[in-house]
>>> print(open('target-v3.txt').read())   # compact mmCIF, C-alpha atoms
# COMPACT_ATOMS: atom_id res chain seq x y z
CA MET A 1 173.21 76.54 -49.92
CA LEU A 2 175.06 74.53 -52.54
CA VAL A 3 173.19 73.11 -55.55
CA PHE A 4 174.49 70.34 -57.79
CA ALA A 5 172.59 70.35 -61.09
CA THR A 6 172.63 68.18 -64.20
CA GLU A 7 171.29 68.82 -67.71
CA THR A 8 170.83 65.91 -70.15
CA SER A 9 167.75 66.77 -72.21
CA CYS A 10 169.40 66.15 -75.59
CA ASP A 11 173.06 65.90 -76.68
CA GLU A 12 174.76 68.24 -74.20
CA THR A 13 175.93 66.65 -70.96
CA SER A 14 176.34 69.29 -68.29
CA VAL A 15 176.86 69.66 -64.54
CA CYS A 16 177.05 72.76 -62.35
CA ILE A 17 177.76 73.56 -58.73
CA MET A 18 176.28 76.92 -57.70
CA ASP A 19 175.47 78.59 -54.38
CA LYS A 20 172.57 80.81 -53.34
CA ASN A 21 174.64 83.94 -54.02
CA LYS A 22 174.88 82.98 -57.71
CA HIS A 23 178.53 82.01 -57.41
CA ILE A 24 179.41 79.25 -59.87
CA TYR A 25 182.08 76.95 -58.44
CA SER A 26 182.16 74.73 -61.49
CA HIS A 27 180.21 74.52 -64.73
CA ILE A 28 180.98 71.92 -67.39
CA VAL A 29 179.16 71.53 -70.70
CA PHE A 30 180.22 68.58 -72.83
CA THR A 31 178.91 68.52 -76.38
CA GLN A 32 178.71 64.96 -77.66
CA GLU A 33 180.66 64.45 -80.90
CA ALA A 34 179.14 61.06 -81.82
CA HIS A 35 176.21 62.68 -83.64
CA LYS A 36 178.22 64.61 -86.23
CA LYS A 37 178.56 61.73 -88.67
CA HIS A 38 174.79 61.15 -88.53
CA GLY A 39 173.89 64.79 -89.20
CA GLY A 40 171.66 64.93 -86.14
CA VAL A 41 171.06 63.54 -82.67
CA VAL A 42 170.71 59.76 -82.29
CA PRO A 43 168.79 59.27 -78.99
CA GLU A 44 170.32 55.88 -78.16
CA LEU A 45 173.85 57.19 -78.66
CA ALA A 46 173.02 60.29 -76.60
CA SER A 47 171.75 58.17 -73.69
CA ARG A 48 174.84 55.97 -73.61
CA ALA A 49 177.15 58.98 -73.81
CA HIS A 50 175.33 60.77 -70.96
CA LEU A 51 175.79 57.76 -68.69
CA GLU A 52 179.52 57.66 -69.31
CA ILE A 53 180.19 61.40 -69.41
CA LEU A 54 178.12 62.33 -66.33
CA GLN A 55 180.25 60.23 -64.02
CA ASN A 56 183.47 61.70 -65.37
CA ILE A 57 182.49 65.38 -65.37
CA THR A 58 180.91 65.11 -61.91
CA GLN A 59 184.30 64.13 -60.51
CA ILE A 60 185.96 66.95 -62.47
CA ALA A 61 183.39 69.48 -61.23
CA LEU A 62 183.90 68.51 -57.61
CA LYS A 63 187.67 68.79 -58.02
CA GLU A 64 187.36 72.22 -59.70
CA SER A 65 185.01 73.50 -57.02
CA GLY A 66 187.09 72.28 -54.11
CA LYS A 67 183.93 70.73 -52.69
CA LYS A 68 183.07 67.20 -51.59
CA ILE A 69 179.86 65.55 -52.72
CA SER A 70 178.76 65.57 -49.06
CA ASP A 71 178.93 69.41 -49.12
CA ILE A 72 176.04 69.58 -51.59
CA ASP A 73 172.74 70.64 -50.00
CA VAL A 74 170.35 70.14 -52.93
CA PHE A 75 170.43 68.05 -56.11
CA ALA A 76 168.54 69.17 -59.22
CA SER A 77 168.10 67.71 -62.68
CA THR A 78 166.27 68.41 -65.92
CA CYS A 79 163.17 66.20 -65.97
CA GLY A 80 161.65 67.47 -69.22
CA PRO A 81 160.96 68.28 -71.90
CA GLY A 82 163.52 66.44 -74.02
CA LEU A 83 164.48 62.97 -75.19
CA ILE A 84 163.19 60.38 -72.73
CA GLY A 85 166.39 58.29 -72.67
CA PRO A 86 168.72 61.17 -71.84
CA LEU A 87 166.21 62.59 -69.33
CA LEU A 88 166.06 59.25 -67.50
CA ILE A 89 169.85 58.98 -67.40
CA GLY A 90 170.33 62.45 -65.95
CA SER A 91 167.48 62.38 -63.46
CA THR A 92 168.24 58.84 -62.22
CA PHE A 93 171.93 59.65 -61.78
CA THR A 94 171.12 62.82 -59.82
CA LYS A 95 168.39 61.16 -57.75
CA SER A 96 170.86 58.42 -56.80
CA LEU A 97 173.26 61.00 -55.41
CA ALA A 98 170.43 62.64 -53.46
CA ILE A 99 169.28 59.29 -52.04
CA GLY A 100 172.80 58.27 -51.06
CA LEU A 101 173.34 61.52 -49.18
CA ASN A 102 169.77 61.87 -47.87
CA LYS A 103 169.43 65.28 -49.52
CA PRO A 104 166.52 66.89 -51.42
CA PHE A 105 166.06 66.28 -55.14
CA VAL A 106 164.36 69.02 -57.20
CA PRO A 107 162.98 68.18 -60.68
CA ILE A 108 163.49 71.07 -63.10
CA ASN A 109 161.67 72.12 -66.26
CA HIS A 110 164.16 72.69 -69.08
CA ILE A 111 162.04 75.32 -70.88
CA GLU A 112 161.29 77.23 -67.68
CA SER A 113 165.04 77.34 -67.04
CA HIS A 114 165.67 78.92 -70.45
CA VAL A 115 162.96 81.53 -69.84
CA LEU A 116 164.42 82.42 -66.43
CA SER A 117 168.05 82.37 -67.58
CA PRO A 118 168.30 86.15 -68.28
CA THR A 119 167.37 86.88 -64.65
CA TYR A 120 170.75 85.50 -63.57
CA ASN A 121 172.69 88.43 -65.05
CA ASN A 122 169.97 91.07 -65.55
CA LYS A 123 167.39 92.92 -63.52
CA VAL A 124 164.52 91.85 -65.74
CA GLU A 125 161.44 94.06 -65.86
CA TYR A 126 157.91 92.67 -66.02
CA PRO A 127 155.63 92.21 -67.84
CA GLN A 128 157.94 90.71 -70.40
CA VAL A 129 157.89 88.92 -73.74
CA CYS A 130 160.33 86.02 -74.00
CA LEU A 131 161.32 84.45 -77.33
CA LEU A 132 162.71 80.94 -76.94
CA LEU A 133 164.96 79.75 -79.78
CA THR A 134 166.43 76.25 -79.48
CA GLY A 135 166.94 73.11 -81.54
CA GLY A 136 163.60 71.71 -80.40
CA HIS A 137 161.51 74.78 -79.57
CA THR A 138 160.52 78.11 -81.06
CA GLU A 139 158.04 79.73 -78.69
CA ILE A 140 156.81 83.10 -77.45
CA TYR A 141 155.94 83.57 -73.79
CA HIS A 142 154.16 86.35 -71.94
CA VAL A 143 155.93 86.53 -68.58
CA THR A 144 154.51 88.57 -65.70
CA SER A 145 156.77 87.14 -62.99
CA LYS A 146 159.21 84.28 -62.45
CA LYS A 147 156.25 82.10 -61.49
CA ASN A 148 153.80 83.24 -64.16
CA ILE A 149 154.93 82.16 -67.63
CA ASN A 150 152.30 81.81 -70.37
CA LEU A 151 152.81 80.33 -73.84
CA ILE A 152 151.20 82.53 -76.52
CA GLY A 153 152.94 81.45 -79.74
CA GLU A 154 154.85 78.42 -81.04
CA THR A 155 156.10 76.67 -84.14
CA LEU A 156 153.62 74.50 -86.01
CA ASP A 157 156.36 72.27 -87.42
CA ASP A 158 160.17 72.58 -87.27
CA ALA A 159 161.92 74.57 -84.56
CA VAL A 160 164.32 77.27 -85.71
CA GLY A 161 167.42 75.43 -84.45
CA GLU A 162 166.26 72.25 -86.15
CA THR A 163 165.75 74.22 -89.37
CA PHE A 164 169.32 75.50 -89.22
CA ASP A 165 170.55 71.91 -88.86
CA LYS A 166 168.45 70.64 -91.77
CA VAL A 167 169.43 73.50 -94.09
CA ALA A 168 173.09 72.96 -93.19
CA LYS A 169 172.73 69.30 -94.14
CA LEU A 170 171.22 70.29 -97.52
CA LEU A 171 174.25 72.50 -98.07
CA GLY A 172 176.68 69.72 -97.20
CA LEU A 173 177.73 71.36 -93.92
CA SER A 174 178.38 69.52 -90.67
CA TYR A 175 176.25 69.20 -87.54
CA PRO A 176 175.36 71.30 -85.60
CA GLY A 177 174.29 73.53 -88.46
CA GLY A 178 173.79 76.87 -86.71
CA PRO A 179 177.45 77.86 -86.31
CA GLU A 180 178.26 76.48 -89.78
CA ILE A 181 175.62 78.61 -91.52
CA GLU A 182 176.51 81.71 -89.48
CA GLN A 183 180.16 81.36 -90.50
CA ARG A 184 179.40 80.85 -94.21
CA ALA A 185 176.93 83.75 -94.20
CA LEU A 186 179.69 86.20 -93.27
CA ASN A 187 180.95 86.02 -96.87
CA GLY A 188 177.53 85.93 -98.51
CA ASP A 189 175.01 88.39 -99.94
CA GLU A 190 171.71 88.14 -98.05
CA THR A 191 169.78 89.67 -100.96
CA THR A 192 170.73 86.90 -103.41
CA PHE A 193 167.70 84.68 -102.82
CA ASP A 194 164.14 85.84 -102.12
CA LEU A 195 163.03 83.15 -99.71
CA PRO A 196 159.47 82.57 -98.41
CA ALA A 197 158.55 83.67 -94.90
CA PRO A 198 155.66 81.37 -93.85
CA LEU A 199 152.92 82.83 -91.63
CA ILE A 200 154.65 86.22 -91.48
CA ASN A 201 151.53 88.03 -92.67
CA GLU A 202 149.07 85.86 -90.73
CA ASP A 203 147.29 87.40 -87.76
CA ASN A 204 148.69 84.99 -85.19
CA LEU A 205 151.84 84.52 -83.13
CA ASN A 206 152.81 81.09 -84.46
CA PHE A 207 155.77 80.09 -86.61
CA SER A 208 156.34 77.71 -89.50
CA PHE A 209 159.71 76.84 -91.04
CA SER A 210 159.01 73.71 -93.07
CA GLY A 211 158.09 75.70 -96.20
CA LEU A 212 161.31 77.68 -95.97
CA LYS A 213 163.29 74.45 -95.69
CA THR A 214 161.48 73.00 -98.71
CA ALA A 215 162.17 76.12 -100.78
CA ILE A 216 165.88 75.87 -99.99
CA ASN A 217 165.85 72.19 -100.93
CA HIS A 218 164.50 73.11 -104.40
CA ILE A 219 167.14 75.83 -104.83
CA VAL A 220 169.94 73.47 -103.84
CA LYS A 221 168.82 70.86 -106.38
CA LYS A 222 169.09 73.43 -109.18
CA ASN A 223 172.59 74.65 -108.29
CA SER A 224 176.06 73.34 -107.65
CA LEU A 225 177.35 73.51 -104.09
CA ASN A 226 180.28 75.87 -104.58
CA THR A 227 181.63 78.22 -101.94
CA GLU A 228 179.88 81.34 -103.27
CA PHE A 229 176.50 79.63 -103.59
CA ILE A 230 176.66 78.23 -100.05
CA ALA A 231 177.67 81.64 -98.65
CA ASN A 232 174.87 83.50 -100.46
CA LEU A 233 172.17 80.97 -99.58
CA SER A 234 173.35 80.85 -95.95
CA ALA A 235 173.16 84.65 -95.72
CA SER A 236 169.73 84.77 -97.40
CA PHE A 237 168.40 82.04 -95.11
CA GLN A 238 169.72 83.77 -91.99
CA PHE A 239 168.18 87.05 -93.12
CA CYS A 240 164.80 85.37 -93.76
CA VAL A 241 164.76 83.65 -90.36
CA SER A 242 165.56 86.92 -88.60
CA LYS A 243 162.78 88.69 -90.50
CA ILE A 244 160.25 86.04 -89.45
CA LEU A 245 161.28 86.11 -85.79
CA ILE A 246 161.35 89.89 -85.54
CA GLU A 247 158.00 90.35 -87.28
CA LYS A 248 156.32 87.83 -84.96
CA VAL A 249 157.69 89.57 -81.87
CA LYS A 250 156.45 92.92 -83.19
CA LYS A 251 153.00 91.37 -83.66
CA THR A 252 153.20 90.09 -80.09
CA LEU A 253 153.98 93.52 -78.68
CA LYS A 254 151.16 95.05 -80.71
CA LYS A 255 148.66 92.39 -79.61
CA LEU A 256 149.55 92.80 -75.93
CA SER A 257 149.37 96.58 -76.26
CA GLU A 258 145.85 96.25 -77.67
CA GLU A 259 145.02 94.22 -74.56
CA SER A 260 146.33 97.12 -72.42
CA VAL A 261 149.52 95.27 -71.46
CA SER A 262 152.52 97.56 -71.38
CA VAL A 263 155.47 95.25 -72.06
CA LYS A 264 158.63 96.54 -70.39
CA SER A 265 161.22 94.07 -71.62
CA LEU A 266 162.04 91.49 -74.24
CA SER A 267 164.24 88.44 -73.61
CA ILE A 268 165.78 86.32 -76.34
CA VAL A 269 166.88 82.94 -74.95
CA GLY A 270 168.07 79.52 -76.08
CA GLY A 271 170.98 78.17 -78.09
CA VAL A 272 170.15 80.06 -81.29
CA THR A 273 170.80 83.25 -79.31
CA ASN A 274 174.48 82.48 -79.83
CA ASN A 275 173.98 83.61 -83.44
CA LYS A 276 175.44 87.13 -83.40
CA TYR A 277 173.69 88.16 -86.61
CA ILE A 278 170.24 87.36 -85.18
CA SER A 279 171.04 89.02 -81.83
CA GLU A 280 172.23 92.21 -83.52
CA LYS A 281 169.16 92.26 -85.78
CA PHE A 282 166.94 92.20 -82.69
CA LYS A 283 168.90 94.99 -81.01
CA ASP A 284 168.63 97.17 -84.11
CA SER A 285 164.95 96.43 -84.70
CA PHE A 286 163.74 97.16 -81.17
CA GLN A 287 165.93 100.05 -80.11
CA ASN A 288 163.01 102.46 -80.65
CA HIS A 289 160.25 100.29 -79.18
CA ASN A 290 160.65 101.39 -75.54
CA VAL A 291 161.48 97.87 -74.39
CA ASN A 292 164.75 96.73 -72.88
CA ILE A 293 166.26 93.66 -74.54
CA PHE A 294 167.87 91.05 -72.32
CA PHE A 295 170.03 88.07 -73.22
CA PRO A 296 171.25 85.27 -70.94
CA HIS A 297 174.79 85.03 -69.69
CA LYS A 298 176.96 83.45 -72.40
CA GLU A 299 177.23 80.21 -70.39
CA MET A 300 173.44 79.95 -70.13
CA MET A 301 172.46 80.26 -73.80
CA SER A 302 172.76 76.68 -75.01
CA ASP A 303 171.55 73.66 -73.02
CA ASN A 304 173.46 73.82 -69.74
CA ALA A 305 173.32 72.91 -66.07
CA ALA A 306 173.93 76.46 -64.80
CA MET A 307 170.42 77.51 -65.79
CA ILE A 308 169.09 74.36 -64.09
CA ALA A 309 170.90 75.25 -60.87
CA TRP A 310 169.70 78.86 -61.08
CA ASN A 311 166.10 77.75 -61.59
CA CYS A 312 166.41 75.45 -58.59
CA LEU A 313 167.67 78.30 -56.41
CA ASN A 314 164.62 80.36 -57.36
CA LYS A 315 162.29 77.73 -55.94
CA ASN A 316 161.11 76.89 -52.45
CA ILE A 317 163.25 73.79 -51.99
CA GLU A 318 161.00 72.28 -49.33
CA THR A 319 157.89 72.31 -51.52
CA ALA A 320 159.70 71.66 -54.84
CA SER A 321 161.61 68.59 -53.67
CA ASN A 322 160.18 65.41 -55.17
CA LEU A 323 162.27 62.27 -55.31
CA TYR A 324 159.48 60.35 -57.06
CA TYR A 325 159.00 62.79 -59.93
CA LYS A 326 159.02 60.98 -63.29
CA ALA A 327 160.88 62.39 -66.29
CA ASN A 328 158.42 63.70 -68.87
CA PRO A 329 159.61 64.24 -72.48
CA ARG A 330 156.58 66.48 -73.18
CA LEU A 331 156.70 68.50 -69.96
CA SER A 332 155.19 71.97 -70.32
CA ILE A 333 155.15 75.08 -68.18
CA LYS A 334 151.96 75.08 -66.12
>>> encode(input="target-v3.txt", output="structure tokens")
Amino acid sequence: MLVFATETSCDETSVCIMDKNKHIYSHIVFTQEAHKKHGGVVPELASRAHLEILQNITQIALKESGKKISDIDVFASTCGPGLIGPLLIGSTFTKSLAIGLNKPFVPINHIESHVLSPTYNNKVEYPQVCLLLTGGHTEIYHVTSKKNINLIGETLDDAVGETFDKVAKLLGLSYPGGPEIEQRALNGDETTFDLPAPLINEDNLNFSFSGLKTAINHIVKKNSLNTEFIANLSASFQFCVSKILIEKVKKTLKKLSEESVSVKSLSIVGGVTNNKYISEKFKDSFQNHNVNIFFPHKEMMSDNAAMIAWNCLNKNIETASNLYYKANPRLSIK
């Protein structure tokens, strides 16, 4: 079985051709550059770029794979959550291919794909806690199987990836902010600034990053943006974010243990997982907690079509196929 998948939930345009044996024939992720000068994603620009880029990279993917479009057995596309314009572009494009070839179309949940992404390259053990870290989401899931994913904690305001972008903008760094801050932090002292960690002592599993962003804004206004200052504040911010995330996961494990749930594994997924500092902090913090830590394959960390194809292959195609499914920007995992 050959799956052709597209991902267009935000500003990455991606296609993938994968078979049932997990072999990836082609996987292309195109990061749109038009948003850099705006310091963030402009939905209208993203939609227009998806329409143009999808057609080009589909042809490239088919050429790379050595396959013809008629060889594809199933078409799959992200149908939510995300920006409605980009979701409509990707799903309509992919549905059109399915209609033209009289093949099944499978709508895919973007968040569910992130949660399942570590199962592509790991033998994940259940029950599991999954921490999702992206530009639009910061969430904790209790996962008992591939089909049983329950949200138990989430951000009350900004997502962690969004916070990285906003802090980078305050520091005069370019978009996307995550890689920029990580790079500057390498030369900084993480103990320079004592930053607030909202909700870290609260007895819940939710997150809040708006107060941290506001505190950094006040610090920036009182200082000049020289190289040393940016490095130290970047390092302090990265340290604070890691502390918040790790403490909330520890609370999650404790809460589930009190409910007689013996968590066997922890997965850290989403684009922020590319941050090596945060990943290493998690490995160090949980090495004595009797839980195995899993990360997605490098190609499946950020928004990408490979995780969409993999999610599709984990479904019963006959029952999941739905050509009339409408893109939903607020789609959740049921």
>>> closest_atom_pairs(input="target-v3.txt", of="range 260-325 of chain A", to="range 56-77 of chain A", cutoff="9 Å", atoms="all atoms listed in the file", output="CSV")
residue,atom,partner,partner_atom,distance
A:Ala305,CA,A:Ser77,CA,8.1
A:Ile308,CA,A:Ser77,CA,6.9
A:Ala309,CA,A:Ala76,CA,6.7
A:Cys312,CA,A:Ala76,CA,6.7
A:Ile317,CA,A:Val74,CA,8.0
A:Ser321,CA,A:Ala76,CA,8.9
>>> atom_distance(input="target-v3.txt", atom1="CA of Gln32 in chain A", atom2="CA of Gly172 in chain A")
20.2 Å
>>> closest_residue(input="target-v3.txt", among="A:Gly177, A:Pro198, A:Gly188, A:Gly39", to="Leu156 in chain A", atoms="all atoms listed in the file")
A:Pro198
>>> closest_residue(input="target-v3.txt", among="A:Glu7, A:Asp165, A:Asp203, A:Asp158", to="Thr252 in chain A", atoms="all atoms listed in the file")
A:Asp203
>>> closest_residue(input="target-v3.txt", among="A:Pro104, A:Gly80, A:Gly136, A:Gly85", to="Met1 in chain A", atoms="only C-alpha atoms")
A:Pro104
>>> atom_distance(input="target-v3.txt", atom1="CA of Ile278 in chain A", atom2="CA of Ser242 in chain A")
5.8 Å
>>> residues_around(input="target-v3.txt", residues="range 237-240 of chain A", least_positions_apart="3", cutoff="12 Å", atoms="only C-alpha atoms", output="MDAnalysis selection string")
chainID A and resid 160:161 163:164 166:168 171 177:186 188:198 200 209 212:217 219 229:234 243:247 272 275:282
>>> residues_around(input="target-v3.txt", residues="Glu52 in chain A", least_positions_apart="5", cutoff="10 Å", atoms="all atoms listed in the file", output="list in words")
Thr13, Ser47, Ile57 and Ile89 of chain A
